[in-house]
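Participant: Questions regarding the structure given below will be posed in turn.
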Amino acid sequence: MTDEDERRWDGLIEQTRGRLGAMVEQFLARTMADPSYADSELTAEDLRRASVESFTALLDSLSSDGTTNGLAVIAESLGTRRARQAVPLDSLLRAVRLDATVLWEHLAEPSSGVDPTLLVRNAGRVWGTVDEFVLHVQDAYLAEQLAIEQANADLQRQYLSQLFAATRPTEAALERIAGALRISLSGNFCVAAVSRDDGAVVRRRIRGKARSAHAFFAYDMGHHTLFVWPTTEAALRRLVAPAKELFADMAVAVAPVARGLARVRESAAAAREIMIDLPMDSSGVATLSDRWRSVTRHLLAGVGCDLGQIVFPHLENCTDLERRKILETVSTYLDSGSLGETGRVLHCHRNTVLNRLNAFERYTGLDVQRPYDAAAVIIALEKHGARP
């Protein structure tokens, strides 16, 4: 632009600066229509002060001898402050771009007597400055958000370490943990375990979601990551949104709900055992109801207790055919608990089923019609692959 154009442009900037109060009020009226601002704890005074600073910095930067140094300082302060106030980033950026819209409307105000060609020649300057301001605000916001998340994660890790320490925390310690994590000491908690790699995915999903009604706490335990979150009575028996979406497309072991913070330790141990028990390449939700037999079998085997030893050695005196018939009948009966249903599946008379179950009891001393014996036999047969 010519010197004359620069002079006329600077005159327009100063003329617009004289309408700063009207610009601020126009901005506030439009901004408060955004629910993220209307429902936030931000005060009108905070918004007004930030608006004055932003408009002033933009006008200073747009003058012919202006620089964007002051704009960067204001942007960093604004982005950092709004991150601390938990204003959603998209709402913040909409508000910042609204600054630019209001500013442009006042620059183009007909009463200013502005030459339209002057506006056209400076449009690139205006929107380039605005884009730089938006970028600085966004960078500052994301940097502060990351710092907040890291600080919160460090705090959570500190208190979760106390919760999962080798020594069970005292009641007083549990009260401190509950207070620090802002959760109820007597509440109900879901506890889930995923692989360490999937844990990183879940963390990213949590960061990407809108703020949930419940907090999700993550704790790394070697090859697995634990997630703990408060749950309602209505959700005790199932994995519900948003947790269902967070754990989609991966294997997740969900423990029985911990009723009270003190029980979270036991639920965490259960979730880990279920996760360890899952076959490679598993997916979906696995619960104790699904996996109790396999978990029990593995835990007993780990201490040298093979329940197969209370069954198979005692059947060695049978013929191969007799042993196969007995095991087939016992296994089928344990699936239904019904003599009639077992006979229907095996195409034999109910009395034949009963005779084979009695034969099994004669050889092993175990009556599978008795619940305690049935549970032991179920695990014994699965251990040796004898169940169909």
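Here, A, B, ... name the chains of the structure tokens in the order displayed, residue numbers run from 1 inside each chain, and ligands are numbered from 1 in the same displayed order.
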Would you please extract all strand (DSSP E) residues from region 147-384 of chain A, as assigned by DSSP on the backbone, and give them as a PyMOL selection string?
Facilitator: chain A and resi 188-195+217-221+224-231+251-254+258-259+284-287
Participant: Would you kindly return, as a list of chain:residue names, each protein, DNA or RNA residue with an atom no farther than 12 Å from any atom of Met280 (chain A), considering only C-alpha atoms and excluding same-chain residues fewer than 5 positions away?
Facilitator: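 Here the answer would be A:Ser195, A:Met250, A:Ala251, A:Met275.
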Participant: Take the residues from that selection and write them out as a PDB file, in the first residue's frame, keeping N, CA and C atoms.
Facilitator:
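Saved result, result31.pdb, follows:
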```pdb
ATOM      1  N   SER A 195      -4.756 -54.936  28.177  1.00  0.00           N
ATOM      2  CA  SER A 195      -3.317 -55.024  27.950  1.00  0.00           C
ATOM      3  C   SER A 195      -2.712 -53.629  28.010  1.00  0.00           C
ATOM      4  N   MET A 250     -11.416 -54.436  21.757  1.00  0.00           N
ATOM      5  CA  MET A 250     -10.258 -54.953  22.490  1.00  0.00           C
ATOM      6  C   MET A 250     -10.742 -55.931  23.551  1.00  0.00           C
ATOM      7  N   ALA A 251      -9.819 -56.716  24.075  1.00  0.00           N
ATOM      8  CA  ALA A 251     -10.152 -57.622  25.181  1.00  0.00           C
ATOM      9  C   ALA A 251     -10.110 -56.837  26.477  1.00  0.00           C
ATOM     10  N   MET A 275      -7.778 -61.327  33.079  1.00  0.00           N
ATOM     11  CA  MET A 275      -7.025 -60.892  31.902  1.00  0.00           C
ATOM     12  C   MET A 275      -5.893 -61.859  31.589  1.00  0.00           C
TER      13      MET A 275
END
```
Participant: Within 7 Å of region 62-75 of chain A, counting only C-alpha atoms, which residues show up once you throw out same-chain ones fewer than 2 positions away? Write them as a ChimeraX atom specification, please.
Facilitator: /A:6,10,13,53-54,57-60,77-79,126,133,136-137
Participant: Restricted to N, CA, C and O atoms, what would the selected residues look like written as a tab-separated table (two decimals), in the first residue's frame?
Facilitator:
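Result file follows (again-v2.tsv):
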```
chain	number	residue	atom	x	y	z
A	6	GLU	N	-1.66	3.66	3.96
A	6	GLU	CA	-1.28	3.29	5.32
A	6	GLU	C	-1.85	4.30	6.32
A	6	GLU	O	-2.34	3.93	7.40
A	10	ASP	N	-4.49	3.36	9.21
A	10	ASP	CA	-4.25	3.62	10.63
A	10	ASP	C	-5.37	4.49	11.22
A	10	ASP	O	-5.77	4.32	12.38
A	13	ILE	N	-8.21	2.18	11.95
A	13	ILE	CA	-7.92	1.39	13.16
A	13	ILE	C	-8.24	2.21	14.40
A	13	ILE	O	-8.89	1.72	15.35
A	53	GLU	N	-8.83	-7.09	26.18
A	53	GLU	CA	-7.42	-7.38	25.88
A	53	GLU	C	-7.26	-7.90	24.45
A	53	GLU	O	-6.31	-7.51	23.74
A	54	SER	N	-8.15	-8.78	24.02
A	54	SER	CA	-8.04	-9.38	22.69
A	54	SER	C	-8.26	-8.34	21.59
A	54	SER	O	-7.48	-8.26	20.63
A	57	ALA	N	-5.28	-5.96	21.50
A	57	ALA	CA	-4.09	-6.57	20.91
A	57	ALA	C	-4.24	-6.73	19.40
A	57	ALA	O	-3.28	-6.54	18.64
A	58	LEU	N	-5.44	-7.10	18.95
A	58	LEU	CA	-5.67	-7.24	17.51
A	58	LEU	C	-5.53	-5.90	16.80
A	58	LEU	O	-4.89	-5.80	15.73
A	59	LEU	N	-6.11	-4.85	17.36
A	59	LEU	CA	-6.01	-3.53	16.74
A	59	LEU	C	-4.57	-3.03	16.72
A	59	LEU	O	-4.12	-2.44	15.73
A	60	ASP	N	-3.84	-3.26	17.82
A	60	ASP	CA	-2.44	-2.87	17.85
A	60	ASP	C	-1.64	-3.57	16.76
A	60	ASP	O	-0.78	-2.98	16.11
A	77	SER	N	-1.83	-16.09	27.43
A	77	SER	CA	-2.54	-15.92	28.69
A	77	SER	C	-3.98	-16.42	28.59
A	77	SER	O	-4.47	-17.13	29.49
A	78	LEU	N	-4.64	-16.10	27.48
A	78	LEU	CA	-6.03	-16.51	27.30
A	78	LEU	C	-6.15	-18.03	27.18
A	78	LEU	O	-6.99	-18.65	27.85
A	79	GLY	N	-5.32	-18.64	26.35
A	79	GLY	CA	-5.38	-20.09	26.18
A	79	GLY	C	-5.08	-20.83	27.46
A	79	GLY	O	-5.77	-21.81	27.81
A	126	VAL	N	-5.92	-8.66	8.02
A	126	VAL	CA	-6.84	-8.89	9.16
A	126	VAL	C	-6.95	-10.39	9.47
A	126	VAL	O	-6.72	-10.82	10.61
A	133	PHE	N	-3.45	-15.35	15.85
A	133	PHE	CA	-3.97	-15.26	17.22
A	133	PHE	C	-4.61	-16.58	17.64
A	133	PHE	O	-4.35	-17.10	18.72
A	136	HIS	N	-1.96	-19.24	18.32
A	136	HIS	CA	-1.29	-19.04	19.60
A	136	HIS	C	-2.19	-19.46	20.77
A	136	HIS	O	-1.72	-20.09	21.73
A	137	VAL	N	-3.48	-19.10	20.68
A	137	VAL	CA	-4.42	-19.49	21.75
A	137	VAL	C	-4.52	-21.00	21.84
A	137	VAL	O	-4.46	-21.58	22.93
```
Participant: In terms of the shortest atom-to-atom distance over only C-alpha atoms, which of A:Ser36, A:Gln158, A:Ser186, A:Ser111 is closest to Asp220 (chain A)?
Facilitator: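 Using only C-alpha atoms, Asp220 (chain A) sits closest to A:Gln158.
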Participant: Which neighbours of Gly113 (chain A) fall inside 12 Å, counting only C-alpha atoms, when residues of the same chain fewer than 5 positions from it are skipped, and could you give them as a PyMOL selection string?
Facilitator: chain A and resi 8-9+11-12+15-16+106-108+118-119
Participant: For the residues selected in the previous step, produce a file with N, CA, C and O atoms as an mmCIF file, in the first residue's frame.
Facilitator:
```cif
data_model
loop_
_atom_site.group_PDB
_atom_site.id
_atom_site.type_symbol
_atom_site.label_atom_id
_atom_site.label_comp_id
_atom_site.auth_asym_id
_atom_site.auth_seq_id
_atom_site.Cartn_x
_atom_site.Cartn_y
_atom_site.Cartn_z
ATOM 1 N N ARG A 8 -4.515 6.207 5.898
ATOM 2 C CA ARG A 8 -5.964 6.021 5.968
ATOM 3 C C ARG A 8 -6.310 4.760 6.766
ATOM 4 O O ARG A 8 -7.285 4.743 7.535
ATOM 5 N N TRP A 9 -5.540 3.690 6.591
ATOM 6 C CA TRP A 9 -5.779 2.446 7.335
ATOM 7 C C TRP A 9 -5.585 2.666 8.836
ATOM 8 O O TRP A 9 -6.405 2.228 9.643
ATOM 9 N N GLY A 11 -5.903 5.396 10.397
ATOM 10 C CA GLY A 11 -7.026 6.208 10.859
ATOM 11 C C GLY A 11 -8.246 5.353 11.125
ATOM 12 O O GLY A 11 -8.975 5.558 12.108
ATOM 13 N N LEU A 12 -8.493 4.377 10.246
ATOM 14 C CA LEU A 12 -9.624 3.471 10.445
ATOM 15 C C LEU A 12 -9.433 2.619 11.705
ATOM 16 O O LEU A 12 -10.391 2.386 12.453
ATOM 17 N N GLN A 15 -10.195 4.822 14.628
ATOM 18 C CA GLN A 15 -11.633 5.074 14.670
ATOM 19 C C GLN A 15 -12.370 3.869 15.248
ATOM 20 O O GLN A 15 -13.288 4.014 16.062
ATOM 21 N N THR A 16 -11.956 2.678 14.850
ATOM 22 C CA THR A 16 -12.560 1.444 15.360
ATOM 23 C C THR A 16 -12.236 1.266 16.837
ATOM 24 O O THR A 16 -13.075 0.790 17.622
ATOM 25 N N HIS A 106 -17.043 -3.926 12.589
ATOM 26 C CA HIS A 106 -16.838 -2.525 12.981
ATOM 27 C C HIS A 106 -15.849 -1.823 12.070
ATOM 28 O O HIS A 106 -15.965 -0.612 11.841
ATOM 29 N N LEU A 107 -14.884 -2.573 11.544
ATOM 30 C CA LEU A 107 -13.995 -1.965 10.552
ATOM 31 C C LEU A 107 -14.771 -1.562 9.305
ATOM 32 O O LEU A 107 -14.478 -0.539 8.668
ATOM 33 N N ALA A 108 -15.758 -2.405 8.945
ATOM 34 C CA ALA A 108 -16.542 -2.156 7.737
ATOM 35 C C ALA A 108 -17.793 -1.329 7.993
ATOM 36 O O ALA A 108 -18.644 -1.192 7.095
ATOM 37 N N LEU A 118 -10.051 -0.149 0.299
ATOM 38 C CA LEU A 118 -9.059 -0.191 1.376
ATOM 39 C C LEU A 118 -9.257 -1.433 2.241
ATOM 40 O O LEU A 118 -8.292 -2.086 2.654
ATOM 41 N N LEU A 119 -10.519 -1.759 2.497
ATOM 42 C CA LEU A 119 -10.823 -2.977 3.269
ATOM 43 C C LEU A 119 -10.376 -4.222 2.517
ATOM 44 O O LEU A 119 -9.794 -5.140 3.100
#
```
Participant: Calculate how many Å separate CA of Ala262 (chain A) from CA of Arg168 (chain A), rounding to one decimal.
Facilitator: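 These atoms are spaced 8.7 Å apart.
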Participant: Calculated over only C-alpha atoms, which of the candidates A:Arg350, A:Tyr333, A:Gly343, A:Val52 has the smallest distance to Arg17 (chain A)?
Facilitator: A:Val52
Participant: Which residues are near Pro169 (chain A)? Cut-off 12 Å, only C-alpha atoms, ignore same chain within fewer than 5 positions. Put them as a list of chain:residue names.
Facilitator: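 Once the nearby chain positions are removed, what remains is A:Tyr159, A:Leu160, A:Ser161, A:Gln162, A:Leu163, A:Phe164, A:Leu174, A:Glu175, A:Arg176, A:Ile177, A:Ala178, A:Leu261, A:Ala262, A:Arg263, A:Val264, A:Arg265.
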Participant: Store the residues picked out above in a file with N, CA and C atoms, as a PDB file, in the first residue's frame.
Facilitator:
```
ATOM      1  N   TYR A 159      -1.922 -41.667  44.648  1.00  0.00           N
ATOM      2  CA  TYR A 159      -2.935 -42.189  45.564  1.00  0.00           C
ATOM      3  C   TYR A 159      -3.374 -43.602  45.186  1.00  0.00           C
ATOM      4  N   LEU A 160      -3.392 -43.909  43.889  1.00  0.00           N
ATOM      5  CA  LEU A 160      -3.715 -45.281  43.495  1.00  0.00           C
ATOM      6  C   LEU A 160      -2.607 -46.238  43.933  1.00  0.00           C
ATOM      7  N   SER A 161      -1.370 -45.771  43.942  1.00  0.00           N
ATOM      8  CA  SER A 161      -0.273 -46.606  44.443  1.00  0.00           C
ATOM      9  C   SER A 161      -0.485 -46.953  45.907  1.00  0.00           C
ATOM     10  N   GLN A 162      -1.008 -45.999  46.665  1.00  0.00           N
ATOM     11  CA  GLN A 162      -1.321 -46.280  48.065  1.00  0.00           C
ATOM     12  C   GLN A 162      -2.463 -47.293  48.177  1.00  0.00           C
ATOM     13  N   LEU A 163      -3.444 -47.152  47.288  1.00  0.00           N
ATOM     14  CA  LEU A 163      -4.586 -48.064  47.332  1.00  0.00           C
ATOM     15  C   LEU A 163      -4.169 -49.493  47.011  1.00  0.00           C
ATOM     16  N   PHE A 164      -3.243 -49.648  46.029  1.00  0.00           N
ATOM     17  CA  PHE A 164      -2.841 -50.984  45.577  1.00  0.00           C
ATOM     18  C   PHE A 164      -1.516 -51.441  46.191  1.00  0.00           C
ATOM     19  N   LEU A 174      -7.729 -44.655  53.428  1.00  0.00           N
ATOM     20  CA  LEU A 174      -8.776 -44.739  52.403  1.00  0.00           C
ATOM     21  C   LEU A 174      -9.569 -43.440  52.322  1.00  0.00           C
ATOM     22  N   GLU A 175      -9.821 -42.830  53.459  1.00  0.00           N
ATOM     23  CA  GLU A 175     -10.533 -41.553  53.471  1.00  0.00           C
ATOM     24  C   GLU A 175      -9.721 -40.483  52.760  1.00  0.00           C
ATOM     25  N   ARG A 176      -8.385 -40.468  52.985  1.00  0.00           N
ATOM     26  CA  ARG A 176      -7.527 -39.494  52.304  1.00  0.00           C
ATOM     27  C   ARG A 176      -7.518 -39.743  50.798  1.00  0.00           C
ATOM     28  N   ILE A 177      -7.444 -41.018  50.403  1.00  0.00           N
ATOM     29  CA  ILE A 177      -7.434 -41.359  48.983  1.00  0.00           C
ATOM     30  C   ILE A 177      -8.738 -40.921  48.325  1.00  0.00           C
ATOM     31  N   ALA A 178      -9.863 -41.232  48.980  1.00  0.00           N
ATOM     32  CA  ALA A 178     -11.167 -40.852  48.425  1.00  0.00           C
ATOM     33  C   ALA A 178     -11.281 -39.339  48.295  1.00  0.00           C
ATOM     34  N   LEU A 261     -14.703 -48.338  48.361  1.00  0.00           N
ATOM     35  CA  LEU A 261     -13.333 -48.165  47.893  1.00  0.00           C
ATOM     36  C   LEU A 261     -12.411 -49.243  48.442  1.00  0.00           C
ATOM     37  N   ALA A 262     -12.678 -49.727  49.631  1.00  0.00           N
ATOM     38  CA  ALA A 262     -11.822 -50.749  50.233  1.00  0.00           C
ATOM     39  C   ALA A 262     -11.820 -52.047  49.450  1.00  0.00           C
ATOM     40  N   ARG A 263     -12.879 -52.286  48.671  1.00  0.00           N
ATOM     41  CA  ARG A 263     -12.977 -53.548  47.918  1.00  0.00           C
ATOM     42  C   ARG A 263     -12.366 -53.447  46.527  1.00  0.00           C
ATOM     43  N   VAL A 264     -11.913 -52.272  46.145  1.00  0.00           N
ATOM     44  CA  VAL A 264     -11.335 -52.099  44.812  1.00  0.00           C
ATOM     45  C   VAL A 264     -10.102 -52.970  44.636  1.00  0.00           C
ATOM     46  N   ARG A 265      -9.330 -53.166  45.709  1.00  0.00           N
ATOM     47  CA  ARG A 265      -8.135 -54.010  45.628  1.00  0.00           C
ATOM     48  C   ARG A 265      -8.493 -55.423  45.168  1.00  0.00           C
TER      49      ARG A 265
END
```
Participant: Please identify all polymer residues within 12 Å of Gly222 (chain A), counting only C-alpha atoms, omitting same-chain residues fewer than 5 positions from it, and present them as a PyMOL selection string.
Facilitator: chain A and resi 193-197+199+272+276
Participant: According to DSSP computed on the backbone, where in region 75-247 of chain A is there alpha helix (DSSP H)? Give the residues as a ChimeraX atom specification.
Facilitator: /A:75-84,89-107,116-163,171-181,196-208,243-246
Participant: Please, what distance in Å, to one decimal, runs between CA of Glu245 (chain A) and CA of Ser267 (chain A)?
Facilitator: 21.2 Å
Participant: How many Å lie between CA of Ala166 (chain A) and CA of Val228 (chain A), rounded to one decimal?
Facilitator: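 Separation between CA of Ala166 (chain A) and CA of Val228 (chain A): 18.3 Å.
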Participant: Hey, which of A:Asp335, A:Glu316, A:Glu4, A:Asp306 ends up closest to Ala380 (chain A)? Count only C-alpha atoms.
Facilitator: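 Among the listed residues, A:Asp306 lies closest to Ala380 (chain A).
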Participant: For Leu339 (chain A), find every residue with an atom within 10 Å (counting only C-alpha atoms), except residues of its own chain fewer than 6 positions away, and show them as a PyMOL selection string.
Facilitator: chain A and resi 329+332-333+349-354+357+369
Participant: Point out the residue among A:Cys190, A:Ala50, A:Ala29, A:Val87 with the least atom-to-atom distance to Trp229 (chain A), counting only C-alpha atoms.
Facilitator: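 Of A:Cys190, A:Ala50, A:Ala29, A:Val87, the one nearest Trp229 (chain A) is A:Cys190, counting only C-alpha atoms.
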Participant: For a quick check of understanding, using only C-alpha atoms, which of A:Thr364, A:Thr117, A:Thr80, A:Gln26 has the smallest distance to Ala147 (chain A)?
Facilitator: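 The answer is A:Thr80, which sits nearest to Ala147 (chain A).
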Participant: Name the closest residue to Asp90 (chain A) among the candidates A:Tyr37, A:Phe55, A:Phe27, A:Trp104; distances are taken between atoms, counting only C-alpha atoms.
Facilitator: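 Once distances to Asp90 (chain A) are computed over only C-alpha atoms, the minimum belongs to A:Tyr37.
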